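**Student:** My file is run.cif. It has mmCIF, C-alpha atoms:
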```cif
data_start
#
loop_
_atom_site.label_atom_id
_atom_site.label_comp_id
_atom_site.auth_asym_id
_atom_site.auth_seq_id
_atom_site.Cartn_x
_atom_site.Cartn_y
_atom_site.Cartn_z
CA MET A 1 21.14 38.22 -53.99
CA GLN A 2 18.31 40.43 -52.77
CA ASP A 3 18.87 44.13 -52.40
CA GLU A 4 18.75 46.31 -49.32
CA PRO A 5 17.00 47.43 -47.14
CA THR A 6 16.79 44.19 -45.18
CA PRO A 7 13.47 42.66 -44.14
CA THR A 8 14.14 43.83 -40.58
CA GLU A 9 14.69 47.39 -41.71
CA LEU A 10 11.57 47.36 -43.88
CA ILE A 11 9.32 45.95 -41.15
CA LYS A 12 10.71 48.38 -38.59
CA ALA A 13 10.09 51.32 -40.90
CA VAL A 14 6.48 50.24 -41.48
CA ALA A 15 5.85 49.55 -37.78
CA ASP A 16 7.27 52.93 -36.79
CA PHE A 17 5.11 54.69 -39.38
CA LEU A 18 1.97 52.91 -38.10
CA ARG A 19 2.92 53.66 -34.48
CA THR A 20 3.69 57.36 -34.83
CA GLU A 21 1.52 58.53 -37.75
CA ILE A 22 -1.49 56.23 -37.96
CA ALA A 23 -2.21 54.97 -34.43
CA PRO A 24 -2.96 58.45 -32.98
CA ALA A 25 -5.62 58.96 -35.69
CA ILE A 26 -7.51 55.68 -35.18
CA ARG A 27 -10.31 55.13 -32.63
CA GLY A 28 -12.33 52.25 -31.25
CA HIS A 29 -11.92 48.58 -32.05
CA ASN A 30 -9.67 49.29 -35.03
CA ALA A 31 -7.25 51.13 -32.72
CA PHE A 32 -7.02 47.93 -30.68
CA LYS A 33 -6.52 45.83 -33.81
CA LEU A 34 -3.86 48.23 -35.08
CA ARG A 35 -1.96 47.86 -31.80
CA VAL A 36 -2.19 44.08 -32.16
CA GLY A 37 -0.83 44.39 -35.70
CA ILE A 38 2.08 46.62 -34.69
CA ASN A 39 2.96 44.18 -31.90
CA ALA A 40 3.00 41.39 -34.47
CA LEU A 41 5.40 43.33 -36.68
CA ASP A 42 7.67 43.94 -33.67
CA LEU A 43 7.55 40.20 -32.95
CA VAL A 44 8.71 39.46 -36.49
CA THR A 45 11.72 41.77 -36.17
CA ARG A 46 12.66 40.10 -32.86
CA GLN A 47 12.38 36.68 -34.49
CA LEU A 48 14.53 37.73 -37.46
CA ALA A 49 17.23 38.88 -35.04
CA LEU A 50 17.10 36.06 -32.47
CA GLU A 51 15.89 32.88 -34.15
CA GLY A 52 19.16 31.89 -35.83
CA PRO A 53 21.37 31.87 -32.75
CA SER A 54 18.69 30.47 -30.40
CA ASP A 55 17.76 27.62 -32.79
CA ALA A 56 21.45 26.73 -33.18
CA ALA A 57 21.97 26.61 -29.42
CA GLU A 58 18.72 24.65 -28.93
CA THR A 59 19.78 22.11 -31.58
CA ALA A 60 23.16 21.65 -29.90
CA ARG A 61 21.53 21.11 -26.49
CA LEU A 62 19.03 18.61 -27.93
CA LYS A 63 21.76 16.62 -29.68
CA ALA A 64 23.69 16.37 -26.41
CA LEU A 65 20.56 15.50 -24.43
CA LEU A 66 19.24 12.85 -26.84
CA GLY A 67 22.47 11.59 -28.41
CA ILE A 68 20.96 11.76 -31.91
CA ASP A 69 21.21 14.05 -34.92
CA GLY A 70 18.44 15.89 -36.76
CA SER A 71 16.74 19.21 -37.48
CA VAL A 72 15.49 21.32 -34.58
CA MET A 73 11.94 20.14 -35.38
CA GLU A 74 12.92 16.45 -35.52
CA LEU A 75 14.85 16.73 -32.29
CA ASN A 76 11.93 18.46 -30.55
CA ARG A 77 9.60 15.71 -31.74
CA ALA A 78 12.03 13.12 -30.38
CA LEU A 79 12.26 14.87 -27.01
CA ALA A 80 8.48 15.28 -26.79
CA GLU A 81 8.06 11.56 -27.45
CA LYS A 82 10.64 10.58 -24.82
CA ILE A 83 8.98 12.77 -22.19
CA ALA A 84 5.56 11.32 -23.09
CA LYS A 85 6.94 7.78 -22.65
CA GLY A 86 8.62 8.67 -19.37
CA GLU A 87 12.08 7.91 -20.77
CA VAL A 88 13.20 11.46 -19.98
CA ASP A 89 12.03 13.46 -16.98
CA LEU A 90 13.05 16.26 -14.63
CA ASP A 91 15.66 13.94 -13.07
CA THR A 92 17.41 13.59 -16.44
CA PRO A 93 20.59 15.69 -16.27
CA GLY A 94 20.26 18.81 -18.41
CA LEU A 95 16.52 18.56 -19.14
CA THR A 96 15.36 21.26 -16.73
CA GLU A 97 18.05 23.68 -17.90
CA HIS A 98 17.25 22.92 -21.54
CA LEU A 99 13.51 23.52 -21.15
CA TRP A 100 14.10 26.74 -19.25
CA GLN A 101 16.56 28.10 -21.81
CA THR A 102 14.34 27.12 -24.74
CA THR A 103 11.28 28.70 -23.12
CA MET A 104 13.14 31.91 -22.26
CA ASP A 105 14.32 32.12 -25.88
CA LYS A 106 10.73 31.71 -27.12
CA LEU A 107 9.44 34.47 -24.85
CA ALA A 108 12.26 36.80 -25.91
CA VAL A 109 10.56 36.68 -29.32
CA ASP A 110 6.88 36.12 -28.49
CA GLN A 111 6.29 38.36 -25.49
CA PRO A 112 9.30 39.93 -23.72
CA ASN A 113 6.91 42.01 -21.60
CA TYR A 114 5.24 38.95 -20.09
CA ALA A 115 5.52 39.40 -16.32
CA SER A 116 6.72 35.83 -15.59
CA TYR A 117 9.49 36.26 -18.17
CA LYS A 118 10.62 39.58 -16.78
CA ARG A 119 10.64 38.06 -13.28
CA GLU A 120 12.77 35.10 -14.38
CA GLN A 121 15.17 37.36 -16.25
CA GLY A 122 15.58 39.48 -13.14
CA ASP A 123 16.22 36.39 -11.01
CA LYS A 124 18.90 35.21 -13.42
CA THR A 125 21.01 38.35 -13.47
CA MET B 1 -32.53 46.16 -38.55
CA ILE B 2 -32.39 44.23 -35.29
CA GLU B 3 -34.37 46.91 -33.39
CA THR B 4 -37.54 45.99 -35.29
CA GLU B 5 -37.44 42.34 -34.20
CA LEU B 6 -36.29 43.33 -30.70
CA SER B 7 -39.19 45.79 -30.27
CA ARG B 8 -41.71 43.14 -31.25
CA CYS B 9 -40.04 40.59 -28.99
CA VAL B 10 -39.77 42.91 -25.98
CA ALA B 11 -43.45 43.90 -26.25
CA SER B 12 -44.38 40.23 -25.82
CA PHE B 13 -42.75 39.79 -22.39
CA TYR B 14 -42.22 43.24 -20.88
CA PRO B 15 -45.51 44.89 -19.85
CA GLY B 16 -45.63 48.52 -20.92
CA ALA B 17 -42.60 48.35 -23.20
CA ILE B 18 -43.09 50.69 -26.13
CA GLY B 19 -39.98 49.81 -28.13
CA VAL B 20 -36.20 49.56 -27.95
CA THR B 21 -33.44 52.05 -28.62
CA GLY B 22 -29.66 52.24 -28.90
CA ALA B 23 -29.04 48.67 -30.05
CA ALA B 24 -25.29 48.11 -30.54
CA LYS B 25 -23.23 44.97 -31.00
CA LEU B 26 -20.70 44.57 -28.17
CA SER B 27 -18.83 41.52 -29.35
CA GLY B 28 -19.07 38.34 -31.23
CA GLY B 29 -17.99 36.36 -34.23
CA ALA B 30 -20.32 34.95 -36.83
CA SER B 31 -21.90 32.31 -34.64
CA GLN B 32 -22.48 34.16 -31.36
CA GLU B 33 -23.22 37.80 -30.60
CA THR B 34 -23.78 40.07 -27.61
CA TRP B 35 -25.92 43.19 -28.07
CA THR B 36 -26.71 46.03 -25.69
CA PHE B 37 -29.96 48.00 -25.97
CA ASP B 38 -32.51 49.91 -23.90
CA ILE B 39 -36.12 48.88 -23.42
CA VAL B 40 -38.19 52.04 -23.75
CA HIS B 41 -40.77 52.30 -20.97
CA ALA B 42 -42.98 55.10 -19.64
CA SER B 43 -41.45 54.77 -16.18
CA GLY B 44 -37.88 54.99 -17.53
CA ASN B 45 -35.68 53.00 -19.90
CA VAL B 46 -34.30 49.64 -18.81
CA GLY B 47 -30.82 48.54 -19.91
CA ALA B 48 -30.77 45.08 -21.47
CA ILE B 49 -28.38 42.61 -23.08
CA LEU B 50 -29.15 40.14 -25.86
CA ARG B 51 -26.98 37.07 -26.16
CA ARG B 52 -27.74 35.07 -29.24
CA ALA B 53 -26.70 32.77 -32.00
CA PRO B 54 -28.18 34.50 -35.08
CA PRO B 55 -30.79 32.61 -37.15
CA GLY B 56 -29.15 29.68 -38.91
CA TYR B 57 -26.43 29.15 -36.28
CA SER B 58 -26.35 26.53 -33.54
CA ALA B 59 -26.93 27.73 -29.97
CA SER B 60 -23.61 26.20 -28.96
CA PRO B 61 -20.34 26.92 -30.78
CA SER B 62 -18.77 23.66 -29.61
CA PRO B 63 -21.56 21.25 -28.70
CA SER B 64 -19.18 18.76 -27.08
CA ARG B 65 -18.13 21.25 -24.37
CA ALA B 66 -20.77 23.98 -24.26
CA PRO B 67 -24.34 23.34 -23.13
CA GLY B 68 -25.78 26.09 -25.33
CA LEU B 69 -27.43 29.42 -24.74
CA GLU B 70 -30.73 28.07 -23.40
CA ALA B 71 -28.86 26.20 -20.66
CA GLU B 72 -26.80 29.30 -19.95
CA ALA B 73 -30.03 31.25 -19.41
CA VAL B 74 -31.31 28.63 -16.96
CA LEU B 75 -28.03 28.70 -15.00
CA MET B 76 -27.90 32.50 -14.79
CA GLN B 77 -31.48 32.61 -13.59
CA LEU B 78 -30.79 29.90 -11.00
CA ALA B 79 -27.80 31.89 -9.77
CA TYR B 80 -29.93 35.05 -9.61
CA ASP B 81 -32.67 33.24 -7.70
CA ALA B 82 -30.07 31.95 -5.21
CA GLY B 83 -29.00 35.53 -4.47
CA LEU B 84 -25.69 35.30 -6.36
CA PRO B 85 -24.47 38.28 -8.40
CA SER B 86 -25.97 37.38 -11.76
CA PRO B 87 -28.08 39.31 -14.26
CA ARG B 88 -31.82 38.62 -14.12
CA VAL B 89 -32.92 36.77 -17.25
CA LEU B 90 -35.88 38.53 -18.86
CA HIS B 91 -36.70 36.26 -21.78
CA VAL B 92 -35.53 33.18 -23.66
CA LEU B 93 -35.87 33.64 -27.43
CA LYS B 94 -38.49 31.67 -29.35
CA PRO B 95 -37.89 30.59 -32.95
CA GLU B 96 -40.91 32.54 -34.30
CA GLU B 97 -39.39 35.83 -33.04
CA GLY B 98 -36.78 35.72 -35.82
CA LEU B 99 -33.86 36.66 -33.57
CA GLY B 100 -32.18 33.26 -33.55
CA ARG B 101 -31.46 31.37 -30.32
CA GLY B 102 -30.44 32.90 -27.05
CA PHE B 103 -31.84 35.11 -24.32
CA ILE B 104 -32.31 38.66 -23.06
CA MET B 105 -31.13 39.74 -19.61
CA VAL B 106 -30.94 42.89 -17.51
CA ARG B 107 -27.78 44.92 -18.20
CA VAL B 108 -25.57 45.11 -15.11
CA GLU B 109 -23.41 48.25 -15.10
CA GLY B 110 -19.72 47.91 -14.30
CA GLU B 111 -16.35 46.92 -15.71
CA THR B 112 -15.37 43.60 -17.29
CA ILE B 113 -11.94 44.50 -18.71
CA ALA B 114 -9.44 42.78 -16.41
CA ARG B 115 -6.62 45.28 -16.82
CA LYS B 116 -8.89 48.19 -15.86
CA ILE B 117 -10.15 46.29 -12.84
CA LEU B 118 -6.52 45.75 -11.76
CA ARG B 119 -5.23 49.25 -12.41
CA ASP B 120 -7.97 51.91 -12.35
CA GLU B 121 -8.33 54.04 -9.23
CA GLU B 122 -12.10 53.52 -9.36
CA PHE B 123 -11.63 49.91 -8.24
CA ALA B 124 -8.88 50.49 -5.66
CA ARG B 125 -11.23 49.91 -2.74
CA ALA B 126 -12.87 46.88 -4.36
CA ARG B 127 -9.66 44.98 -5.23
CA PRO B 128 -8.76 43.85 -1.69
CA ILE B 129 -12.24 42.38 -1.10
CA LEU B 130 -12.75 40.58 -4.42
CA ALA B 131 -11.00 37.28 -3.62
CA ARG B 132 -13.07 36.66 -0.50
CA GLN B 133 -16.28 37.68 -2.30
CA LEU B 134 -15.47 35.34 -5.17
CA GLY B 135 -14.82 32.49 -2.75
CA LYS B 136 -18.29 32.98 -1.35
CA ILE B 137 -19.80 33.25 -4.84
CA ALA B 138 -18.04 30.06 -6.00
CA ALA B 139 -19.44 28.27 -2.96
CA GLY B 140 -22.90 29.52 -3.93
CA ILE B 141 -22.51 28.27 -7.50
CA HIS B 142 -21.35 24.87 -6.23
CA SER B 143 -24.40 24.69 -3.97
CA LEU B 144 -27.02 25.30 -6.68
CA PRO B 145 -29.61 22.51 -6.49
CA GLU B 146 -28.67 19.71 -8.86
CA ALA B 147 -32.28 18.79 -9.52
CA LYS B 148 -32.92 22.17 -11.16
CA LEU B 149 -29.86 22.15 -13.43
CA PRO B 150 -30.21 21.76 -17.20
CA LYS B 151 -28.59 18.81 -18.95
CA LEU B 152 -24.81 19.26 -18.71
CA ARG B 153 -21.73 17.23 -19.61
CA SER B 154 -19.63 15.77 -16.78
CA ASN B 155 -15.88 15.75 -16.42
CA SER B 156 -13.30 14.52 -13.95
CA THR B 157 -9.59 15.08 -13.52
CA THR B 158 -8.98 11.88 -15.50
CA THR B 159 -11.26 12.70 -18.45
CA GLU B 160 -9.89 16.23 -18.53
CA ILE B 161 -6.28 15.00 -18.80
CA ALA B 162 -7.30 12.72 -21.67
CA ASP B 163 -9.13 15.59 -23.41
CA LEU B 164 -6.12 17.87 -23.10
CA ALA B 165 -3.75 15.20 -24.41
CA ARG B 166 -6.00 14.63 -27.43
CA GLU B 167 -6.35 18.33 -28.16
CA TYR B 168 -2.61 18.89 -27.80
CA ARG B 169 -1.79 15.98 -30.14
CA SER B 170 -4.29 17.30 -32.71
CA THR B 171 -2.12 20.43 -33.09
CA ASN B 172 0.77 18.23 -34.30
CA TRP B 173 3.38 20.64 -32.96
CA PRO B 174 5.99 19.34 -30.50
CA ARG B 175 6.01 21.11 -27.14
CA PRO B 176 8.26 19.33 -24.64
CA VAL B 177 6.96 21.54 -21.79
CA PHE B 178 3.36 20.52 -22.51
CA GLU B 179 4.45 16.87 -22.62
CA LEU B 180 6.06 17.34 -19.22
CA ALA B 181 2.86 18.91 -17.88
CA LEU B 182 0.73 16.06 -19.28
CA ARG B 183 3.04 13.53 -17.59
CA TRP B 184 2.89 15.47 -14.32
CA LEU B 185 -0.91 15.58 -14.46
CA ALA B 186 -1.16 11.85 -15.16
CA ASP B 187 1.29 11.06 -12.35
CA HIS B 188 -0.50 13.34 -9.86
CA ASP B 189 -4.12 12.68 -10.85
CA PRO B 190 -5.97 12.82 -7.51
CA GLY B 191 -8.82 10.68 -8.87
CA PRO B 192 -12.55 11.15 -8.29
CA SER B 193 -13.53 14.15 -6.20
CA ARG B 194 -15.37 13.76 -2.90
CA GLU B 195 -18.44 15.28 -4.51
CA THR B 196 -19.71 16.36 -7.90
CA THR B 197 -21.32 19.77 -8.27
CA LEU B 198 -22.12 22.37 -10.89
CA VAL B 199 -18.83 23.87 -12.13
CA HIS B 200 -18.97 27.29 -13.79
CA GLY B 201 -16.02 26.34 -15.98
CA ASP B 202 -14.77 29.83 -16.88
CA PHE B 203 -14.74 31.51 -13.46
CA ARG B 204 -12.00 34.12 -13.85
CA ASN B 205 -11.04 37.77 -14.06
CA GLY B 206 -12.41 38.93 -17.42
CA ASN B 207 -15.73 37.13 -17.00
CA LEU B 208 -16.84 39.24 -14.03
CA ILE B 209 -18.63 42.57 -13.85
CA ILE B 210 -16.94 44.62 -11.15
CA GLY B 211 -18.04 47.91 -9.62
CA PRO B 212 -16.34 50.12 -7.05
CA ASP B 213 -18.32 48.10 -4.48
CA GLY B 214 -17.08 44.67 -5.65
CA VAL B 215 -18.46 41.80 -7.72
CA ARG B 216 -21.72 42.67 -9.47
CA ALA B 217 -22.13 39.72 -11.82
CA VAL B 218 -20.56 36.46 -12.96
CA LEU B 219 -20.83 36.00 -16.73
CA ASP B 220 -19.99 33.45 -19.44
CA TRP B 221 -21.53 30.22 -18.25
CA GLU B 222 -21.13 28.66 -21.66
CA ILE B 223 -18.78 25.85 -20.61
CA ALA B 224 -20.56 25.07 -17.34
CA HIS B 225 -20.61 21.36 -16.49
CA LEU B 226 -20.78 18.86 -13.63
CA GLY B 227 -17.50 17.98 -11.97
CA ASP B 228 -15.01 18.70 -9.22
CA PRO B 229 -15.86 22.07 -7.62
CA MET B 230 -12.14 22.68 -7.00
CA GLU B 231 -11.77 23.19 -10.78
CA ASP B 232 -13.29 26.69 -10.50
CA LEU B 233 -10.94 27.66 -7.65
CA GLY B 234 -7.90 26.45 -9.61
CA TRP B 235 -8.93 28.17 -12.85
CA ILE B 236 -9.27 31.61 -11.26
CA CYS B 237 -5.66 31.27 -10.00
CA VAL B 238 -4.15 30.48 -13.43
CA ASN B 239 -1.40 33.03 -14.09
CA SER B 240 -2.88 33.97 -17.48
CA TRP B 241 -5.80 35.63 -15.60
CA ARG B 242 -3.53 37.71 -13.36
CA PHE B 243 -2.80 40.08 -16.25
CA GLY B 244 0.72 40.90 -15.08
CA GLU B 245 -0.02 41.04 -11.32
CA ILE B 246 1.71 37.71 -10.87
CA ASP B 247 2.13 37.90 -7.09
CA LYS B 248 -1.64 38.04 -6.53
CA PRO B 249 -2.76 34.57 -7.56
CA VAL B 250 -6.51 35.18 -7.54
CA GLY B 251 -7.22 37.16 -10.70
CA GLY B 252 -4.28 39.50 -10.10
CA PHE B 253 -6.11 41.10 -7.14
CA GLY B 254 -6.13 38.66 -4.22
CA THR B 255 -4.69 35.78 -2.24
CA ARG B 256 -5.60 32.12 -2.21
CA GLU B 257 -6.10 32.45 1.56
CA ASP B 258 -8.86 35.04 1.06
CA LEU B 259 -10.47 33.02 -1.74
CA PHE B 260 -10.47 29.87 0.41
CA ALA B 261 -11.70 31.75 3.50
CA GLY B 262 -14.66 33.15 1.57
CA TYR B 263 -15.43 29.68 0.24
CA GLU B 264 -15.29 28.03 3.66
CA GLU B 265 -17.26 30.79 5.38
CA ALA B 266 -20.08 29.83 3.06
CA GLY B 267 -20.02 26.34 4.54
CA ARG B 268 -18.02 24.45 1.92
CA ARG B 269 -14.62 22.78 2.17
CA VAL B 270 -11.50 23.57 0.15
CA ASP B 271 -9.04 20.87 -0.93
CA SER B 272 -5.99 23.03 -1.65
CA ASP B 273 -4.02 20.17 -3.26
CA ARG B 274 -6.81 19.64 -5.79
CA VAL B 275 -7.00 23.40 -6.39
CA MET B 276 -3.27 23.42 -7.21
CA PHE B 277 -3.74 20.41 -9.49
CA TRP B 278 -6.49 22.27 -11.39
CA GLU B 279 -4.28 25.38 -11.61
CA VAL B 280 -1.64 23.33 -13.46
CA MET B 281 -4.38 21.77 -15.61
CA GLY B 282 -5.86 25.19 -16.34
CA THR B 283 -2.50 26.68 -17.29
CA LEU B 284 -1.99 23.84 -19.76
CA ARG B 285 -5.58 24.16 -21.00
CA TRP B 286 -5.15 27.83 -21.86
CA GLY B 287 -1.83 27.07 -23.56
CA ILE B 288 -3.42 24.39 -25.72
CA MET B 289 -6.35 26.68 -26.55
CA CYS B 290 -3.83 29.31 -27.74
CA GLY B 291 -2.03 26.68 -29.81
CA ARG B 292 -5.25 25.59 -31.45
CA MET B 293 -5.96 29.22 -32.33
CA MET B 294 -3.07 28.88 -34.79
CA GLN B 295 -5.00 26.19 -36.65
CA ARG B 296 -8.20 28.24 -36.65
CA PHE B 297 -6.25 31.18 -38.02
CA ARG B 298 -4.79 29.09 -40.80
CA ASN B 299 -8.10 27.41 -41.67
CA ALA B 300 -10.27 30.54 -41.57
CA PRO B 301 -10.88 32.01 -45.02
CA ASP B 302 -10.01 35.56 -43.86
CA HIS B 303 -6.96 34.59 -41.69
CA PRO B 304 -7.91 36.87 -38.77
CA MET B 305 -4.90 38.70 -37.32
CA GLU B 306 -6.06 38.42 -33.69
CA GLN B 307 -6.12 34.62 -33.92
CA ALA B 308 -2.67 34.63 -35.52
CA VAL B 309 -1.27 36.58 -32.60
CA ILE B 310 -2.92 34.35 -29.98
CA GLY B 311 -1.23 31.47 -31.79
CA ARG B 312 2.07 32.88 -30.49
CA ARG B 313 0.96 32.84 -26.85
CA PRO B 314 1.46 29.20 -25.76
CA SER B 315 5.00 30.13 -24.70
CA GLU B 316 3.46 32.26 -21.92
CA THR B 317 1.92 29.16 -20.43
CA GLU B 318 5.11 27.17 -21.01
CA ILE B 319 7.04 29.49 -18.72
CA ASP B 320 4.20 29.41 -16.18
CA LEU B 321 4.16 25.60 -16.24
CA LEU B 322 7.92 25.55 -15.68
CA ARG B 323 7.50 27.98 -12.78
CA LEU B 324 4.93 25.58 -11.30
CA LEU B 325 6.59 22.23 -12.04
CA ALA B 326 10.35 22.93 -12.28
CA PRO B 327 11.02 26.21 -10.47
CA ARG B 328 14.58 27.43 -10.84
CA GLY B 329 16.93 27.54 -7.90
CA LYS B 330 15.39 24.42 -6.35
#
```
Show how you would write the structure in this file as structure tokens.
**Tutor:**
Amino acid sequence: MQDEPTPTELIKAVADFLRTEIAPAIRGHNAFKLRVGINALDLVTRQLALEGPSDAAETARLKALLGIDGSVMELNRALAEKIAKGEVDLDTPGLTEHLWQTTMDKLAVDQPNYASYKREQGDKT
Amino acid sequence: MIETELSRCVASFYPGAIGVTGAAKLSGGASQETWTFDIVHASGNVGAILRRAPPGYSASPSPSRAPGLEAEAVLMQLAYDAGLPSPRVLHVLKPEEGLGRGFIMVRVEGETIARKILRDEEFARARPILARQLGKIAAGIHSLPEAKLPKLRSNSTTTEIADLAREYRSTNWPRPVFELALRWLADHDPGPSRETTLVHGDFRNGNLIIGPDGVRAVLDWEIAHLGDPMEDLGWICVNSWRFGEIDKPVGGFGTREDLFAGYEEAGRRVDSDRVMFWEVMGTLRWGIMCGRMMQRFRNAPDHPMEQAVIGRRPSETEIDLLRLLAPRGK
């Protein structure tokens, strides 16, 4: 068993330090790169929090959609192949909802400030 | 020091030049660089830009898609000669000058950073007129005389779909939304276009120099080719180039109606269905480019952080493709 603090707590502490103490002192292209780096650390904390539940739900949806078992990667490969072959399309019950949910879950980690994502979240609630 | 070679080079083509000053690298990786500098002249300094592949590097980073810097110089000069907003080309580099391959052009003052163009007060009066201006400029680019063009690759909707499918499969990462988009493109391929013209290829917010008065220059001709002129009109509408202003389809500052009106006022016809087709294609193209950045990140010896982060951006185009192809509530 690994000790505390958790990876999430460690990354958050480092990101906050960089944001509040270091960023104000950096200029030019490195200031831009530092911002990119801090955003990446924030992404990692979001993924650590959200990936487990969203992967579980995605796997369950894929199993129902495809009627087969497998890892989330195997099931995604199977779905990709079926769409490529035309065996599954937007008329297939559940596909549209599945793709939307999966994509929203990806953006919640990758880029929750993306304008299209914020628009679709607003439309949903 | 690059100023030594530049001074010698400038003296050979610019009468009265007595040297250069203030050379600074603006951007570039190992294989391609952009430098700004001033040509020193008795009647006043002249701002200039050097675009080059340093000695030892090829003039084109991806020879299959990009025509190379010499061709880019020819295209920019043709655009300038046709009265389009384009920097005047001053000189094409020769091997014996020791600067590598590329060219020197007049520096056009203005803003290229898309987010500033969309948000800064300085450009508030320009924003409403940009879409119509760009329509007219696109029409001008598509009317450049074919006989004078350098050797360029050709594409069509059909070859482009095949290219995208191959590039996507090379990433070996399953993306059901991209598969859906590839199917949609294949099922809706409009076939050969009515005419083939020069296509800029990267005509979008971010590759334009904008002043408070409007468009001052179109840059980045490096993936110019021959093809369907509607490709340029679709690409500038791709949501990725709206930088958050998602209700203004043209670059985040204008409407399709204004873009099309400017294009047609210049005597050319718009096929809005083909434009929409190219917008879907362009959205997928940018998504695949982001996905391939992941591979470049992993393969590069120094694992550059910026490439790693772009590798997490395909999901942005996945949501945009769903908004285009499977909008919710319909």
**Student:** Could you write out as a compact mmCIF listing (two decimals) with C-alpha atoms, keeping the file's coordinate frame the residues of chain A within 7 Å of chain B, counting only C-alpha atoms?
**Tutor:**
```txt
# COMPACT_ATOMS: atom_id res chain seq x y z
CA ALA A 40 3.00 41.39 -34.47
CA ASN A 76 11.93 18.46 -30.55
CA ARG A 77 9.60 15.71 -31.74
CA LEU A 79 12.26 14.87 -27.01
CA ALA A 80 8.48 15.28 -26.79
CA ILE A 83 8.98 12.77 -22.19
CA ALA A 84 5.56 11.32 -23.09
CA THR A 96 15.36 21.26 -16.73
CA LEU A 99 13.51 23.52 -21.15
CA THR A 103 11.28 28.70 -23.12
CA LYS A 106 10.73 31.71 -27.12
CA LEU A 107 9.44 34.47 -24.85
CA ASP A 110 6.88 36.12 -28.49
CA ALA A 115 5.52 39.40 -16.32
CA SER A 116 6.72 35.83 -15.59
```
**Student:** Using all atoms listed in the file, which protein or nucleic acid residues come within 7 Å of Lys25 (chain B)? Drop anything in the same chain fewer than 2 positions from it, and give the result as a list in words.
**Tutor:** Ala23, Ser27, Thr34, Trp35 and Thr36 of chain B
**Student:** Produce a file of the selected residues containing C-alpha atoms, as a tab-separated table (two decimals), in the coordinates of the input.
**Tutor:**
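Saved to selection_14.tsv:
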```tsv
chain	number	residue	atom	x	y	z
B	23	ALA	CA	-29.04	48.67	-30.05
B	27	SER	CA	-18.83	41.52	-29.35
B	34	THR	CA	-23.78	40.07	-27.61
B	35	TRP	CA	-25.92	43.19	-28.07
B	36	THR	CA	-26.71	46.03	-25.69
```
**Student:** At a cut-off of 12 Å, using only C-alpha atoms, what residues contact Lys63 (chain A)? Leave out same-chain residues fewer than 3 positions from it and give the result as a ChimeraX atom specification.
**Tutor:** /A:56-60,66-76,78-79,94-95,98
**Student:** Could you write out as a list in words the residues that the PyMOL selection byres ((chain A and resi 3-18) around 7) matches in the shown file?
**Tutor:**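 On this input, the PyMOL selection byres ((chain A and resi 3-18) around 7) captures Met1, Gln2, Arg19, Thr20, Glu21, Ile22, Ala23, Ile38, Leu41, Thr45 and Leu48 of chain A.
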**Student:** Give me the result of the PyMOL selection byres ((chain B and resi 123) around 10) on this file, residue by residue, as a PyMOL selection string.
**Tutor:** chain B and resi 111+116-122+124-128+210-214
**Student:** If we count only C-alpha atoms and set the cut-off at 7 Å, which residues sit around region 277-292 of chain B, ignoring sequence neighbours fewer than 2 positions away in its own chain? Please answer as a list in words.
**Tutor:**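 So, after excluding close chain neighbours, the residues are Leu164, Tyr168, Thr171, Phe178, Glu231, Gly234, Trp235, Cys237, Val238, Asp273, Arg274, Val275, Met294, Gln295, Arg296, Ile310, Gly311, Arg313, Pro314, Thr317 and Leu321 of chain B.
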**Student:** Using the chain letters and numbers from the file, which residues does the PyMOL selection byres ((chain B and resi 217) around 6) grab, as a VMD selection string?
**Tutor:** chain B and resid 85 to 86 208 to 209 215 to 216 218
**Student:** Nearest to Pro150 (chain B) among B:Leu84, B:Met76, B:Val108, B:Leu185, with distances taken over only C-alpha atoms: which residue is it?
**Tutor:** B:Met76
**Student:** Select, from B:Val270, B:Val250, B:Gly191, B:Ala186, the residue with the minimum atom-to-atom distance to Lys85 (chain A), counting only C-alpha atoms.
**Tutor:**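 Of B:Val270, B:Val250, B:Gly191, B:Ala186, the one nearest Lys85 (chain A), counting only C-alpha atoms, is B:Ala186.
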**Student:** Expressed in Å to a single decimal, how great is the separation between CA of Leu43 (chain A) and CA of Arg298 (chain B)?
**Tutor:**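 Answer for the CA of Leu43 (chain A) to CA of Arg298 (chain B) separation: 18.4 Å.
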